Number of protein chains: 2
Amino acid sequence: MRYAVVGTGEVGRTLGGTLVELGHEVRLGSRTQGNPAGMKWAESGGAAASTGTFADAAAFGEVVVNAVGGRVALAALEAAGADNLDGKVLIDVSNPMAFEDGQLRLSPVESVSVGEQIQRAFPHARVVKTLDTVNCQVMVNPGLVPDGHQVFVCGEDVGAKEQVRALLGEFGRPADRVIDLGGIRAARAVEMLLPLWLSLYQHIGHAEFNLEVRRAR
Amino acid sequence: MRYAVVGTGEVGRTLGGTLVELGHEVRLGSRTQGNPAGMKWAESGGAAASTGTFADAAAFGEVVVNAVGGRVALAALEAAGADNLDGKVLIDVSNPMAFEDGQLRLSPVESVSVGEQIQRAFPHARVVKTLDTVNCQVMVNPGLVPDGHQVFVCGEDVGAKEQVRALLGEFGRPADRVIDLGGIRAARAVEMLLPLWLSLYQHIGHAEFNLEVRRAR
């Protein structure tokens, strides 16, 4: 499969690298041509790894992964081009936390989510929100954390969610450890987990943790 | 120990009933004298169970539990009276979700929390936020959900948090399944879990579930 990864930060490079290791072709997209992080990533990634602009990547990918920060996701995807997203599965792993006056704050929050903003802006893309509740190493290597923990998917397109569940399976996550929360509105719920994630990160002292939903029946 | 429980709803009656079963004296407080739910609860609760106004209850309790909805917590505690809260452990189990135009919405959110609002309004109370992330049956009977899940405490007063951890132990929760997230600001994080709780409730179909934090080390 050909994947576009929008964003050359740690999340994008980690996801892109794992996708290459799994045998996919990956193009990492950045705001400008010749982004140093993207170039370095592509050089070390072999023949299946390439880099280009957001639009180059999105045109290349059969599936597009949004791996830029939630606050700049719409701008990056506009640059990628709606035509390059139409009909494609668009996996949004972003969260909209960022520093404001020295504190990490979440915005947008509660009344809307990045996942919904993307789906509204690109109505012909098949948006699936997932993985934003874990560190990028746990995204691609769930075995870093002891068995049982889960991640969430939500989105309007059931087929797209099943495709994402299969991709998460390639990453090593059993299908029954992916919880489908329904439509894209549930992106609000998973994005609002970020402040708890941050509190737990401070409490635990590292990022190799995740949540398990335990239930009576 | 003498407990005040502010609120005669399901959460207040459940917590109050369990506290009586554990051998404590409990006064359930309501907005007005003679609240039918409070009267009925007190009648069936034996000699250790009584009811009265918010102020009656708060004056009686050595520890005060806020069990009204988060959006009316400040008004209820104002009615309880600052003098009746001074120096006491004030356990806030509330969450600020409520229906708006047919949808459950969270307010306040992100920039502040009910826990912080209470601590600011009553600076001499020793506020501890806890248990708002689980259904009231799971609050008092953690064994309803299979082993390993946790709840959170946060607040400015370390001694108050230890007292709450001991109370949670009386409810049957091992001390190592209570995660201390630090100061009262973390109330934002645990209150923002409510939309996920609601999504999971819809997904699972009942309220007997909770989260376990799993970590690599």
# chains A, B, ... in the order shown; residues from 1 in each chain; ligands from 1
>>> interface_residues(of="chain B", to="chain A", cutoff="9 Å", atoms="only C-alpha atoms", output="PyMOL selection string")
chain B and resi 105-107+109-111+144-149+179-182+186+188-190+192-200+202-204+206-217
>>> select_by_dssp(residues="range 128-190 of chain A", states="strand (DSSP E or B)", output="list in words")
Val128, Lys129, Thr130, Val151, Phe152, Val153, Cys154, Gly155, Val178, Ile179 and Asp180 of chain A
>>> write_last_selection(atoms="N, CA and C atoms", output="compact mmCIF listing (two decimals), in the first residue's frame")
# COMPACT_ATOMS: atom_id res chain seq x y z
N VAL A 128 -10.81 8.99 9.92
CA VAL A 128 -10.84 8.12 11.10
C VAL A 128 -9.90 8.72 12.13
N LYS A 129 -10.44 9.02 13.30
CA LYS A 129 -9.60 9.49 14.41
C LYS A 129 -9.11 8.28 15.18
N THR A 130 -7.83 8.22 15.45
CA THR A 130 -7.30 7.10 16.25
C THR A 130 -5.92 7.44 16.79
N VAL A 151 -6.86 1.11 22.17
CA VAL A 151 -6.99 2.43 21.56
C VAL A 151 -8.39 2.52 20.95
N PHE A 152 -8.72 3.71 20.50
CA PHE A 152 -10.07 4.00 20.02
C PHE A 152 -10.05 4.35 18.54
N VAL A 153 -11.13 4.05 17.85
CA VAL A 153 -11.35 4.61 16.52
C VAL A 153 -12.73 5.26 16.51
N CYS A 154 -12.86 6.32 15.73
CA CYS A 154 -14.18 6.86 15.46
C CYS A 154 -14.17 7.51 14.09
N GLY A 155 -15.34 7.58 13.49
CA GLY A 155 -15.45 8.15 12.15
C GLY A 155 -16.79 7.74 11.55
N VAL A 178 -9.14 -2.63 19.94
CA VAL A 178 -9.48 -1.39 19.25
C VAL A 178 -10.98 -1.17 19.49
N ILE A 179 -11.32 -0.10 20.20
CA ILE A 179 -12.72 0.17 20.56
C ILE A 179 -13.30 1.19 19.60
N ASP A 180 -14.38 0.81 18.93
CA ASP A 180 -15.06 1.71 18.00
C ASP A 180 -16.08 2.55 18.77
>>> atom_distance(atom1="CA of Gly29 in chain B", atom2="CA of Thr53 in chain B")
4.8 Å
>>> select_by_dssp(residues="range 60-96 of chain B", states="helix (DSSP H, G or I)", output="ChimeraX atom specification")
/B:60,70-80,82-84
>>> write_last_selection(atoms="C-alpha atoms", output="JSON list (two decimals), in the first residue's frame")
[["chain", "number", "residue", "atom", "x", "y", "z"],
["B", 60, "PHE", "CA", -22.72, 18.01, 61.34],
["B", 70, "GLY", "CA", -20.84, 20.07, 39.18],
["B", 71, "ARG", "CA", -22.80, 22.95, 37.71],
["B", 72, "VAL", "CA", -24.65, 23.61, 40.98],
["B", 73, "ALA", "CA", -21.83, 22.69, 43.34],
["B", 74, "LEU", "CA", -20.79, 26.24, 44.20],
["B", 75, "ALA", "CA", -24.36, 27.29, 44.96],
["B", 76, "ALA", "CA", -24.94, 24.23, 47.15],
["B", 77, "LEU", "CA", -21.70, 24.77, 49.06],
["B", 78, "GLU", "CA", -22.44, 28.49, 49.50],
["B", 79, "ALA", "CA", -25.72, 27.41, 51.06],
["B", 80, "ALA", "CA", -23.82, 24.91, 53.21],
["B", 82, "ALA", "CA", -18.08, 28.55, 54.39],
["B", 83, "ASP", "CA", -17.87, 28.41, 58.19],
["B", 84, "ASN", "CA", -19.16, 24.84, 58.09]]
>>> atom_distance(atom1="CA of Val20 in chain A", atom2="CA of His124 in chain A")
26.8 Å
>>> residues_around(residues="Gly9 in chain A", least_positions_apart="2", cutoff="12 Å", atoms="only C-alpha atoms", output="mmCIF file with C-alpha atoms, in the first residue's frame")
data_model
loop_
_atom_site.group_PDB
_atom_site.id
_atom_site.type_symbol
_atom_site.label_atom_id
_atom_site.label_comp_id
_atom_site.auth_asym_id
_atom_site.auth_seq_id
_atom_site.Cartn_x
_atom_site.Cartn_y
_atom_site.Cartn_z
ATOM 1 C CA VAL A 5 2.254 10.879 6.101
ATOM 2 C CA VAL A 6 1.556 14.574 6.527
ATOM 3 C CA GLY A 7 4.172 15.928 8.942
ATOM 4 C CA VAL A 11 5.073 11.208 15.152
ATOM 5 C CA GLY A 12 5.261 11.362 11.360
ATOM 6 C CA ARG A 13 8.751 9.883 11.152
ATOM 7 C CA THR A 14 7.886 7.096 13.595
ATOM 8 C CA LEU A 15 4.692 6.125 11.793
ATOM 9 C CA GLY A 16 6.378 6.459 8.400
ATOM 10 C CA GLY A 17 9.346 4.351 9.444
ATOM 11 C CA LEU A 28 6.480 11.989 4.140
ATOM 12 C CA GLY A 29 5.064 15.438 3.439
ATOM 13 C CA SER A 30 6.279 18.767 4.781
ATOM 14 C CA ARG A 31 5.272 22.389 4.314
ATOM 15 C CA ASN A 35 12.617 19.796 4.625
ATOM 16 C CA PRO A 36 15.806 18.558 6.390
ATOM 17 C CA ALA A 37 14.026 16.132 8.733
ATOM 18 C CA GLY A 38 12.090 14.669 5.817
ATOM 19 C CA LYS A 40 17.167 12.642 6.377
ATOM 20 C CA TRP A 41 14.270 10.279 7.062
ATOM 21 C CA ASN A 66 -2.342 13.390 9.459
ATOM 22 C CA ALA A 67 0.615 13.566 11.832
ATOM 23 C CA VAL A 68 1.004 17.314 12.293
ATOM 24 C CA GLY A 69 -0.239 18.993 15.446
ATOM 25 C CA SER A 94 -3.261 14.523 16.023
ATOM 26 C CA CYS A 136 4.033 7.489 19.046
#
>>> residues_around(residues="Ala48 in chain B", least_positions_apart="4", cutoff="9 Å", atoms="only C-alpha atoms", output="short mmCIF file (atom, residue, chain, number, x, y, z; two decimals) with C-alpha atoms, in the first residue's frame")
data_model
loop_
_atom_site.label_atom_id
_atom_site.label_comp_id
_atom_site.auth_asym_id
_atom_site.auth_seq_id
_atom_site.Cartn_x
_atom_site.Cartn_y
_atom_site.Cartn_z
CA VAL B 20 -23.66 4.20 57.17
CA GLY B 23 -20.34 2.37 60.66
CA HIS B 24 -20.20 6.11 60.13
CA GLU B 25 -22.82 8.70 61.04
CA VAL B 26 -24.13 10.44 57.94
CA ARG B 27 -26.29 13.50 57.39
CA ALA B 42 -32.87 8.66 56.45
#
>>> atom_distance(atom1="CA of Gly115 in chain A", atom2="CA of Tyr3 in chain A")
19.1 Å
